[in-house]
$ cat target-v2.txt   # compact mmCIF, C-alpha atoms
# COMPACT_ATOMS: atom_id res chain seq x y z
CA MET K 1230 0.00 0.00 0.00
CA LYS K 1231 1.28 3.45 -0.90
CA ILE K 1232 0.56 6.20 1.64
CA ILE K 1233 0.87 9.89 0.73
CA LEU K 1234 1.12 11.89 3.96
CA PRO K 1235 -0.13 15.48 4.50
CA ASP K 1236 3.39 16.85 3.90
CA LYS K 1237 3.29 15.02 0.52
CA THR K 1238 6.00 12.54 1.47
CA CYS K 1239 5.29 8.94 0.45
CA ARG K 1240 5.76 5.70 2.28
CA THR K 1241 5.06 2.11 1.31
CA GLN K 1242 3.62 -0.32 3.82
CA THR K 1243 2.76 -3.99 3.54
CA ILE K 1244 -0.53 -4.90 5.21
CA THR K 1245 -3.13 -7.63 5.17
CA LYS K 1246 -6.34 -5.71 5.65
CA MET K 1247 -7.23 -2.79 7.86
CA THR K 1248 -9.62 0.17 8.02
CA VAL K 1249 -8.70 3.78 7.25
CA GLY K 1250 -9.39 4.58 10.93
CA GLU K 1251 -6.93 1.90 12.06
CA LEU K 1252 -4.32 3.16 9.60
CA LEU K 1253 -4.68 6.73 10.92
CA GLN K 1254 -4.39 5.44 14.47
CA ASP K 1255 -1.16 3.59 13.54
CA LEU K 1256 0.19 6.82 12.05
CA GLY K 1257 -0.82 8.86 15.13
CA ILE K 1258 -3.16 11.08 13.11
CA ASN K 1259 -6.49 12.35 14.51
CA PRO K 1260 -9.24 11.64 11.91
CA VAL K 1261 -11.00 14.90 12.91
CA GLU K 1262 -8.07 16.84 11.39
CA VAL K 1263 -7.71 15.07 8.04
CA LEU K 1264 -9.49 13.83 4.93
CA VAL K 1265 -8.52 10.55 3.32
CA SER K 1266 -8.83 9.44 -0.28
CA LEU K 1267 -8.49 5.81 -1.32
CA ASN K 1268 -7.41 5.28 -4.94
CA GLY K 1269 -8.58 8.84 -5.66
CA MET K 1270 -12.00 8.56 -3.97
CA LEU K 1271 -12.91 10.29 -0.70
CA VAL K 1272 -13.62 7.67 1.97
CA VAL K 1273 -14.74 7.45 5.60
CA GLU K 1274 -12.85 5.87 8.51
CA ASP K 1275 -14.45 2.44 8.26
CA ALA K 1276 -13.44 1.97 4.59
CA ARG K 1277 -11.09 -1.00 4.20
CA VAL K 1278 -7.63 -0.68 2.67
CA GLU K 1279 -5.55 -3.47 1.16
CA ASP K 1280 -2.14 -4.01 -0.35
CA GLY K 1281 -1.88 -2.29 -3.72
CA ASP K 1282 -4.13 0.61 -2.66
CA GLU K 1283 -3.04 4.23 -2.72
CA VAL K 1284 -4.07 6.19 0.37
CA ARG K 1285 -3.70 9.96 0.44
CA ILE K 1286 -4.10 11.96 3.64
CA TYR K 1287 -4.94 15.70 3.51
CA ARG K 1288 -4.59 17.93 6.56
CA ILE K 1289 -7.64 20.22 6.61
CA THR K 1290 -6.27 23.13 8.61
CA HIS K 1291 -4.75 26.01 6.68
CA GLY K 1292 -5.39 28.86 9.08
CA GLY K 1293 -6.23 32.41 8.12
CA MET X 568 -23.60 5.41 -3.34
CA PRO X 569 -20.49 5.13 -1.13
CA ALA X 570 -20.30 7.21 2.05
CA VAL X 571 -18.12 10.32 1.86
CA TYR X 572 -18.72 11.58 5.39
CA HIS X 573 -19.31 9.97 8.77
CA ASP X 574 -21.26 12.32 11.03
CA ARG X 575 -20.12 10.83 14.31
CA SER X 576 -22.30 12.93 16.61
CA ALA X 577 -25.47 12.10 14.63
CA ARG X 578 -24.20 8.52 14.03
CA ARG X 579 -24.91 8.52 10.31
CA HIS X 580 -22.98 8.01 7.08
CA LEU X 581 -23.76 10.32 4.15
CA CYS X 582 -23.25 9.84 0.43
CA ARG X 583 -22.12 12.71 -1.77
CA ASP X 584 -25.59 14.03 -2.67
CA HIS X 585 -27.05 13.82 0.83
CA PHE X 586 -23.92 15.33 2.36
CA ILE X 587 -24.00 18.36 0.01
CA ALA X 588 -27.74 18.84 0.62
CA ALA X 589 -27.26 18.58 4.42
CA VAL X 590 -24.50 21.23 4.48
CA GLU X 591 -26.35 23.65 2.20
CA SER X 592 -29.61 23.32 4.13
CA ARG X 593 -27.82 23.90 7.48
CA VAL X 594 -26.23 27.10 6.13
CA ALA X 595 -29.58 28.32 4.74
CA GLU X 596 -31.26 27.57 8.09
CA THR X 597 -28.51 29.38 10.04
CA ILE X 598 -28.93 32.47 7.85
CA ARG X 599 -32.74 32.41 8.08
CA SER X 600 -33.13 31.63 11.78
CA ARG X 601 -30.70 34.36 12.82
CA GLN X 602 -31.75 36.77 10.05
CA MET X 603 -28.10 37.11 9.16
CA ILE X 604 -28.86 38.15 5.59
CA VAL X 605 -32.17 39.54 4.32
CA PRO X 606 -33.42 40.48 0.83
CA ASP X 607 -31.70 43.53 -0.70
CA ASP X 608 -28.64 43.19 1.53
CA HIS X 609 -25.26 43.91 -0.06
CA VAL X 610 -22.96 41.34 1.53
CA GLY X 611 -19.19 41.70 1.66
CA ILE X 612 -17.47 38.32 1.80
CA GLY X 613 -14.12 38.28 3.54
CA LEU X 614 -12.36 36.29 0.81
CA SER X 615 -8.79 35.31 1.66
CA GLY X 616 -8.83 32.54 -0.94
CA GLY X 617 -8.23 29.91 1.75
CA LYS X 618 -10.58 26.99 2.23
CA ASP X 619 -13.11 28.57 4.63
CA SER X 620 -13.73 31.72 2.60
CA THR X 621 -13.78 29.70 -0.64
CA ALA X 622 -16.48 27.48 0.86
CA LEU X 623 -18.33 30.57 2.12
CA LEU X 624 -18.46 32.08 -1.37
CA MET X 625 -19.58 28.78 -2.91
CA LEU X 626 -22.25 28.15 -0.26
CA LEU X 627 -23.63 31.71 -0.27
CA SER X 628 -23.86 31.60 -4.07
CA ARG X 629 -25.88 28.38 -3.72
CA VAL X 630 -28.25 29.31 -0.87
CA LEU X 631 -28.83 33.08 -1.19
CA PRO X 632 -31.10 32.87 -4.27
CA SER X 633 -33.62 31.07 -1.99
CA ILE X 634 -33.52 33.98 0.46
CA GLY X 635 -34.01 36.81 -2.02
CA ARG X 636 -32.06 39.28 -4.14
CA VAL X 637 -28.71 39.77 -2.43
CA ARG X 638 -25.61 41.38 -3.92
CA LEU X 639 -22.19 39.93 -3.15
CA THR X 640 -18.80 41.67 -3.18
CA ALA X 641 -15.54 39.90 -2.35
CA LEU X 642 -13.21 41.71 0.06
CA THR X 643 -9.59 40.58 0.26
CA VAL X 644 -6.92 41.70 2.72
CA ASP X 645 -3.27 41.15 1.78
CA GLU X 646 -1.46 41.13 5.12
CA GLY X 647 1.90 40.56 3.46
CA ILE X 648 2.83 37.04 4.62
CA HIS X 649 5.61 35.84 2.34
CA GLY X 650 5.28 32.31 1.00
CA TYR X 651 1.68 31.98 2.17
CA ARG X 652 -0.62 34.81 1.15
CA GLU X 653 0.51 35.12 -2.49
CA ASP X 654 -1.13 31.80 -3.42
CA THR X 655 -4.39 32.47 -1.56
CA ILE X 656 -4.72 35.93 -3.13
CA ARG X 657 -4.32 34.46 -6.62
CA SER X 658 -7.00 31.96 -5.66
CA ALA X 659 -9.31 34.77 -4.40
CA ASP X 660 -8.87 36.72 -7.66
CA ARG X 661 -9.75 33.64 -9.69
CA LEU X 662 -12.80 32.81 -7.54
CA ALA X 663 -14.26 36.33 -7.73
CA ARG X 664 -13.77 36.27 -11.50
CA ASP X 665 -15.33 32.80 -11.86
CA TYR X 666 -18.37 33.80 -9.77
CA GLY X 667 -18.68 37.14 -11.56
CA ILE X 668 -18.72 39.27 -8.40
CA ASP X 669 -17.03 42.59 -7.65
CA HIS X 670 -13.72 42.29 -5.82
CA ILE X 671 -11.99 44.86 -3.63
CA SER X 672 -8.48 44.26 -2.26
CA VAL X 673 -6.61 46.23 0.38
CA SER X 674 -3.16 45.60 1.83
CA PHE X 675 -1.37 46.23 5.12
CA SER X 676 1.40 47.93 3.13
CA GLU X 677 -0.92 50.56 1.68
CA LEU X 678 -2.99 51.03 4.86
CA PHE X 679 -0.33 50.77 7.56
CA GLY X 680 2.95 51.27 5.67
CA LYS X 681 4.45 47.80 6.21
CA THR X 682 3.73 44.13 5.62
CA LEU X 683 2.74 41.87 8.53
CA ASP X 684 6.10 40.11 8.14
CA ALA X 685 7.87 43.44 8.74
CA PHE X 686 5.71 44.28 11.78
CA LEU X 687 6.41 40.87 13.32
CA VAL X 688 10.19 40.84 13.30
CA GLY X 689 11.04 39.82 16.89
CA ARG X 690 7.33 39.72 17.79
CA GLU X 691 6.31 36.44 16.15
CA HIS X 692 4.61 35.23 19.34
CA GLU X 693 2.18 38.18 19.04
CA ALA X 694 1.32 37.40 15.41
CA CYS X 695 -2.38 36.63 15.80
CA THR X 696 -3.05 39.57 18.14
CA ILE X 697 -1.31 42.10 15.88
CA CYS X 698 -2.71 40.62 12.67
CA GLY X 699 -6.21 40.46 14.19
CA VAL X 700 -6.34 44.18 15.03
CA LEU X 701 -4.84 45.32 11.69
CA ARG X 702 -6.94 42.88 9.69
CA ARG X 703 -10.15 43.99 11.38
CA LYS X 704 -9.43 47.60 10.38
CA ALA X 705 -8.41 46.59 6.84
CA LEU X 706 -11.61 44.61 6.34
CA ALA X 707 -13.66 47.55 7.67
CA VAL X 708 -11.93 49.86 5.15
CA ALA X 709 -12.66 47.46 2.29
CA ALA X 710 -16.28 47.03 3.46
CA LYS X 711 -16.75 50.80 3.58
CA GLN X 712 -15.24 51.20 0.09
CA ALA X 713 -17.66 48.58 -1.23
CA GLY X 714 -20.64 50.08 0.61
CA VAL X 715 -21.81 46.73 1.99
CA THR X 716 -24.64 46.33 4.52
CA LYS X 717 -23.30 43.08 6.04
CA LEU X 718 -19.86 41.55 6.36
CA ALA X 719 -19.77 37.74 6.12
CA THR X 720 -16.76 35.76 7.31
CA GLY X 721 -15.93 32.07 6.90
CA HIS X 722 -15.68 31.20 10.61
CA ASN X 723 -16.73 27.57 11.03
CA LEU X 724 -17.87 25.43 13.97
CA ASP X 725 -14.30 24.58 14.96
CA ASP X 726 -13.28 28.28 14.95
CA GLU X 727 -16.30 29.21 17.05
CA ALA X 728 -15.80 26.39 19.56
CA GLN X 729 -12.10 27.34 19.83
CA SER X 730 -13.07 30.98 20.48
CA VAL X 731 -15.52 29.98 23.24
CA LEU X 732 -12.83 27.94 25.01
CA MET X 733 -10.15 30.61 24.48
CA ASN X 734 -12.39 33.33 25.96
CA VAL X 735 -13.05 31.12 28.97
CA LEU X 736 -9.34 30.30 29.35
CA ARG X 737 -8.51 34.02 29.19
CA GLY X 738 -11.29 34.87 31.64
CA ASP X 739 -12.84 37.16 29.05
CA LEU X 740 -16.56 36.51 29.55
CA PRO X 741 -17.71 39.91 28.11
CA ARG X 742 -16.17 38.89 24.77
CA LEU X 743 -17.98 35.56 25.00
CA VAL X 744 -21.40 37.23 24.86
CA ARG X 745 -20.48 40.16 22.60
CA ASP X 746 -22.67 40.30 19.51
CA PRO X 747 -20.64 41.08 16.37
CA GLY X 748 -23.87 41.00 14.36
CA SER X 749 -25.00 44.21 16.00
CA ALA X 750 -24.69 47.49 14.11
CA SER X 751 -24.49 49.41 17.44
CA GLN X 752 -26.64 52.28 16.23
CA GLY X 753 -24.90 52.42 12.88
CA TRP X 754 -21.31 52.52 14.19
CA PHE X 755 -20.32 49.14 12.76
CA ILE X 756 -21.18 47.06 9.71
CA PRO X 757 -22.85 43.94 11.19
CA ARG X 758 -20.66 40.84 10.88
CA VAL X 759 -22.28 37.47 10.18
CA LYS X 760 -20.91 33.92 10.25
CA PRO X 761 -23.11 31.72 8.05
CA LEU X 762 -20.79 28.68 8.48
CA MET X 763 -20.77 28.75 12.30
CA TYR X 764 -22.56 25.38 12.54
CA VAL X 765 -20.54 23.63 9.82
CA ALA X 766 -17.45 21.71 11.00
CA GLU X 767 -14.09 22.45 9.40
CA LYS X 768 -13.95 18.86 8.17
CA GLU X 769 -17.39 19.20 6.54
CA LEU X 770 -16.19 22.29 4.67
CA ALA X 771 -13.11 20.43 3.50
CA VAL X 772 -15.24 17.52 2.27
CA TYR X 773 -17.65 19.96 0.55
CA LEU X 774 -14.75 21.59 -1.31
CA MET X 775 -13.17 18.27 -2.20
CA LEU X 776 -16.46 16.99 -3.64
CA HIS X 777 -16.71 20.11 -5.81
CA GLY X 778 -13.11 19.82 -6.99
CA ALA X 779 -12.39 23.12 -5.25
CA TRP X 780 -9.98 21.99 -2.53
CA PRO X 781 -7.24 24.66 -2.33
CA ASP X 782 -4.06 22.73 -1.59
CA LEU X 783 -2.38 25.56 0.30
CA PRO X 784 0.21 25.78 3.06
CA GLU X 785 -0.70 26.65 6.64
CA CYS X 786 -0.16 30.22 7.89
CA PRO X 787 3.49 30.25 9.09
CA TYR X 788 2.52 32.17 12.23
CA ALA X 789 -0.14 29.64 13.34
CA VAL X 790 2.44 27.72 15.40
CA HIS X 791 2.81 30.70 17.76
CA ALA X 792 -0.88 30.98 18.60
CA LEU X 793 -2.83 29.84 21.66
CA ARG X 794 -5.50 28.92 19.11
CA GLY X 795 -3.21 26.19 17.74
CA GLU X 796 -3.02 24.52 21.16
CA VAL X 797 -6.77 24.89 21.71
CA ARG X 798 -7.44 23.49 18.23
CA THR X 799 -5.42 20.33 18.93
CA LEU X 800 -7.05 19.92 22.35
CA LEU X 801 -10.58 20.29 20.95
CA ALA X 802 -9.90 18.00 18.00
CA THR X 803 -8.76 15.32 20.46
CA LEU X 804 -11.87 15.80 22.59
CA GLU X 805 -14.11 15.77 19.49
CA GLN X 806 -12.57 12.47 18.40
CA ARG X 807 -13.12 10.88 21.82
CA HIS X 808 -16.46 12.57 22.55
CA PRO X 809 -18.29 13.41 19.29
CA GLY X 810 -20.39 16.57 19.59
CA THR X 811 -17.97 18.39 21.96
CA MET X 812 -17.69 21.43 19.67
CA GLN X 813 -21.47 21.70 19.20
CA HIS X 814 -21.87 21.43 22.98
CA LEU X 815 -19.48 24.35 23.50
CA LEU X 816 -21.58 26.52 21.17
CA ALA X 817 -24.74 25.37 22.94
CA SER X 818 -23.15 26.38 26.27
CA LYS X 819 -22.33 29.80 24.82
CA ALA X 820 -25.94 30.19 23.65
CA GLN X 821 -27.21 29.37 27.15
CA ILE X 822 -24.86 31.93 28.70
CA GLU X 823 -26.02 34.52 26.14
CA LYS X 824 -29.62 33.74 27.00
CA ARG X 825 -28.98 34.37 30.70
CA CYS X 826 -26.80 37.47 30.18
CA GLY X 827 -28.43 38.82 27.03
CA ARG X 828 -26.34 39.30 23.89
CA VAL X 829 -24.51 42.57 24.18
CA SER X 830 -23.38 44.72 21.30
CA GLY X 831 -20.07 45.65 22.91
CA ALA X 832 -18.32 45.94 26.24
CA GLY X 833 -20.15 49.22 26.90
CA PRO X 834 -21.50 52.29 25.13
CA VAL X 835 -19.84 53.08 21.80
CA ARG X 836 -17.37 55.96 22.06
CA GLN X 837 -15.08 57.64 19.55
CA CYS X 838 -11.33 57.14 19.69
CA THR X 839 -9.75 60.42 20.77
CA LYS X 840 -6.89 59.85 18.30
CA CYS X 841 -8.53 58.65 15.08
CA GLY X 842 -12.27 59.09 15.67
CA ASP X 843 -13.08 55.42 15.00
CA PRO X 844 -15.78 53.83 17.17
CA CYS X 845 -14.42 51.97 20.20
CA SER X 846 -15.30 50.97 23.74
CA GLY X 847 -12.57 52.92 25.57
CA GLU X 848 -10.87 56.28 25.16
CA ILE X 849 -8.40 55.02 22.53
CA CYS X 850 -9.18 52.28 20.00
CA GLN X 851 -7.24 49.00 19.79
CA LEU X 852 -5.65 50.05 16.49
CA CYS X 853 -4.25 53.32 17.88
CA LEU X 854 -3.00 51.49 20.99
CA LEU X 855 -1.28 48.95 18.74
CA LYS X 856 0.17 51.66 16.47
CA LYS X 857 1.69 53.34 19.52
CA ARG X 858 3.15 50.05 20.74
CA LEU X 859 4.63 49.30 17.30
CA GLY X 860 6.00 52.82 16.95
CA MET X 861 3.86 53.58 13.89
$ encode --input "target-v2.txt" --output "structure tokens"
Amino acid sequence: MKIILPDKTCRTQTITKMTVGELLQDLGINPVEVLVSLNGMLVVEDARVEDGDEVRIYRITHGG
Amino acid sequence: MPAVYHDRSARRHLCRDHFIAAVESRVAETIRSRQMIVPDDHVGIGLSGGKDSTALLMLLSRVLPSIGRVRLTALTVDEGIHGYREDTIRSADRLARDYGIDHISVSFSELFGKTLDAFLVGREHEACTICGVLRRKALAVAAKQAGVTKLATGHNLDDEAQSVLMNVLRGDLPRLVRDPGSASQGWFIPRVKPLMYVAEKELAVYLMLHGAWPDLPECPYAVHALRGEVRTLLATLEQRHPGTMQHLLASKAQIEKRCGRVSGAGPVRQCTKCGDPCSGEICQLCLLKKRLGM
């Protein structure tokens, strides 16, 4: 699975199956503060991710 | 249709169409129930080009036709924040053009002689306080130039909940119940916040669904602000206890009900230095100018 973090850095992670919420928890990210797209589609925390997926995380706070 | 948003406090998942309808109807209801905007108003939108003001412009354009004939003018303040504001201002220009509305821009440089960056050298920890006072004046100047009857800002539920908690933490209860929507006998242009019951995350989802998500950097001075700490604290509480931010606004409403919403800390007076309306002898802007040696 390819993960694109809010600072636009990428990391690759091998997983079996997990939810977006569990992935965010592993990364120490509060779901209230981010949006997540899975293979280009906006998804909610209980969406399931698998190996081969691309997950992108957007931080929603810009300020000002 | 797949879910695009999980409303954790209402315990429901929403698809794209139902999510968009829910947000738009909440904004329309907020405007109607509080009579924020009425037919024939000329509304100035504080348009920084960031996500909140972009969503405000999009949502007002969608819901105002159901309220009546209302004119919109975009008002942009260029504080002069290098590496941050240039992109949002380009975005604001493009939005105003795309929506076919008038657009007035003012800058700290032209109004106060320097950029915010220049004012903040060695005073970075005061960024939000200094910017807030100067920005308020700049927006008032732009609103006056445009001749608007109301000034709408993109403050969302998260901003409002953070402000409630910050006022409590600072022991500033008068500010908690102050009514910025009041014209105070014509001294001020009433300020309205049509997005006050829409969460920051909902606005982000709304923009993303419309392909209008502005992928912009965060304000470089945000790290110095008490608001940043309060934001993280509240986001953690909201995650653990969904509805926390709504409850804070409900608490504020109950306090207002007991105290009565007040239009200011006291009777409106005129600043002895510049003549602007204020609550004391000298307005906040003149006090700040003196402190900054302007």
$ interface_residues --input "target-v2.txt" --of "chain K" --to "chain X" --cutoff "8 Å" --atoms "all atoms listed in the file" --output "MDAnalysis selection string"
chainID K and resid 1259:1264 1271:1274 1289:1293
$ residues_around --input "target-v2.txt" --residues "region 1231-1236 of chain K" --least-positions-apart "6" --cutoff "7 Å" --atoms "all atoms listed in the file" --output "list in words"
Gln1242, Asp1282, Glu1283, Val1284, Arg1285, Ile1286, Tyr1287 and Arg1288 of chain K
$ atom_distance --input "target-v2.txt" --atom1 "CA of Glu677 (chain X)" --atom2 "CA of Thr643 (chain X)"
13.3 Å
$ atom_distance --input "target-v2.txt" --atom1 "CA of Val605 (chain X)" --atom2 "CA of Gln712 (chain X)"
21.0 Å
$ atom_distance --input "target-v2.txt" --atom1 "CA of Gly1250 (chain K)" --atom2 "CA of Glu1279 (chain K)"
13.2 Å
$ decode --input "target-v2.txt" --residues "region 1262-1273 of chain K" --atoms "N, CA, C and O atoms" --output "PDB file, in the first residue's frame"
ATOM      1  N   GLU K1262      -8.902  15.804  12.014  1.00  0.00           N
ATOM      2  CA  GLU K1262      -8.072  16.838  11.390  1.00  0.00           C
ATOM      3  C   GLU K1262      -7.662  16.537   9.950  1.00  0.00           C
ATOM      4  O   GLU K1262      -6.908  17.300   9.365  1.00  0.00           O
ATOM      5  N   VAL K1263      -8.144  15.428   9.402  1.00  0.00           N
ATOM      6  CA  VAL K1263      -7.714  15.066   8.039  1.00  0.00           C
ATOM      7  C   VAL K1263      -8.868  14.536   7.181  1.00  0.00           C
ATOM      8  O   VAL K1263      -9.910  14.131   7.700  1.00  0.00           O
ATOM      9  N   LEU K1264      -8.644  14.551   5.881  1.00  0.00           N
ATOM     10  CA  LEU K1264      -9.491  13.829   4.925  1.00  0.00           C
ATOM     11  C   LEU K1264      -8.620  12.719   4.344  1.00  0.00           C
ATOM     12  O   LEU K1264      -7.403  12.866   4.257  1.00  0.00           O
ATOM     13  N   VAL K1265      -9.276  11.656   3.909  1.00  0.00           N
ATOM     14  CA  VAL K1265      -8.516  10.545   3.324  1.00  0.00           C
ATOM     15  C   VAL K1265      -9.155  10.134   1.996  1.00  0.00           C
ATOM     16  O   VAL K1265     -10.383   9.984   1.912  1.00  0.00           O
ATOM     17  N   SER K1266      -8.325  10.000   0.972  1.00  0.00           N
ATOM     18  CA  SER K1266      -8.826   9.438  -0.281  1.00  0.00           C
ATOM     19  C   SER K1266      -8.172   8.077  -0.495  1.00  0.00           C
ATOM     20  O   SER K1266      -7.005   7.862  -0.135  1.00  0.00           O
ATOM     21  N   LEU K1267      -8.958   7.166  -1.048  1.00  0.00           N
ATOM     22  CA  LEU K1267      -8.486   5.805  -1.318  1.00  0.00           C
ATOM     23  C   LEU K1267      -8.601   5.590  -2.827  1.00  0.00           C
ATOM     24  O   LEU K1267      -9.707   5.643  -3.376  1.00  0.00           O
ATOM     25  N   ASN K1268      -7.463   5.418  -3.475  1.00  0.00           N
ATOM     26  CA  ASN K1268      -7.415   5.284  -4.940  1.00  0.00           C
ATOM     27  C   ASN K1268      -8.173   6.432  -5.622  1.00  0.00           C
ATOM     28  O   ASN K1268      -8.933   6.238  -6.571  1.00  0.00           O
ATOM     29  N   GLY K1269      -8.006   7.642  -5.052  1.00  0.00           N
ATOM     30  CA  GLY K1269      -8.577   8.839  -5.665  1.00  0.00           C
ATOM     31  C   GLY K1269      -9.994   9.170  -5.233  1.00  0.00           C
ATOM     32  O   GLY K1269     -10.541  10.200  -5.648  1.00  0.00           O
ATOM     33  N   MET K1270     -10.611   8.313  -4.414  1.00  0.00           N
ATOM     34  CA  MET K1270     -11.996   8.564  -3.971  1.00  0.00           C
ATOM     35  C   MET K1270     -12.016   8.884  -2.478  1.00  0.00           C
ATOM     36  O   MET K1270     -11.374   8.186  -1.686  1.00  0.00           O
ATOM     37  N   LEU K1271     -12.779   9.933  -2.115  1.00  0.00           N
ATOM     38  CA  LEU K1271     -12.914  10.295  -0.704  1.00  0.00           C
ATOM     39  C   LEU K1271     -13.589   9.157   0.057  1.00  0.00           C
ATOM     40  O   LEU K1271     -14.605   8.627  -0.401  1.00  0.00           O
ATOM     41  N   VAL K1272     -13.027   8.776   1.205  1.00  0.00           N
ATOM     42  CA  VAL K1272     -13.617   7.667   1.970  1.00  0.00           C
ATOM     43  C   VAL K1272     -13.745   8.029   3.450  1.00  0.00           C
ATOM     44  O   VAL K1272     -13.128   8.986   3.922  1.00  0.00           O
ATOM     45  N   VAL K1273     -14.551   7.239   4.165  1.00  0.00           N
ATOM     46  CA  VAL K1273     -14.737   7.448   5.603  1.00  0.00           C
ATOM     47  C   VAL K1273     -13.832   6.469   6.364  1.00  0.00           C
ATOM     48  O   VAL K1273     -13.215   5.587   5.763  1.00  0.00           O
TER      49      VAL K1273
END
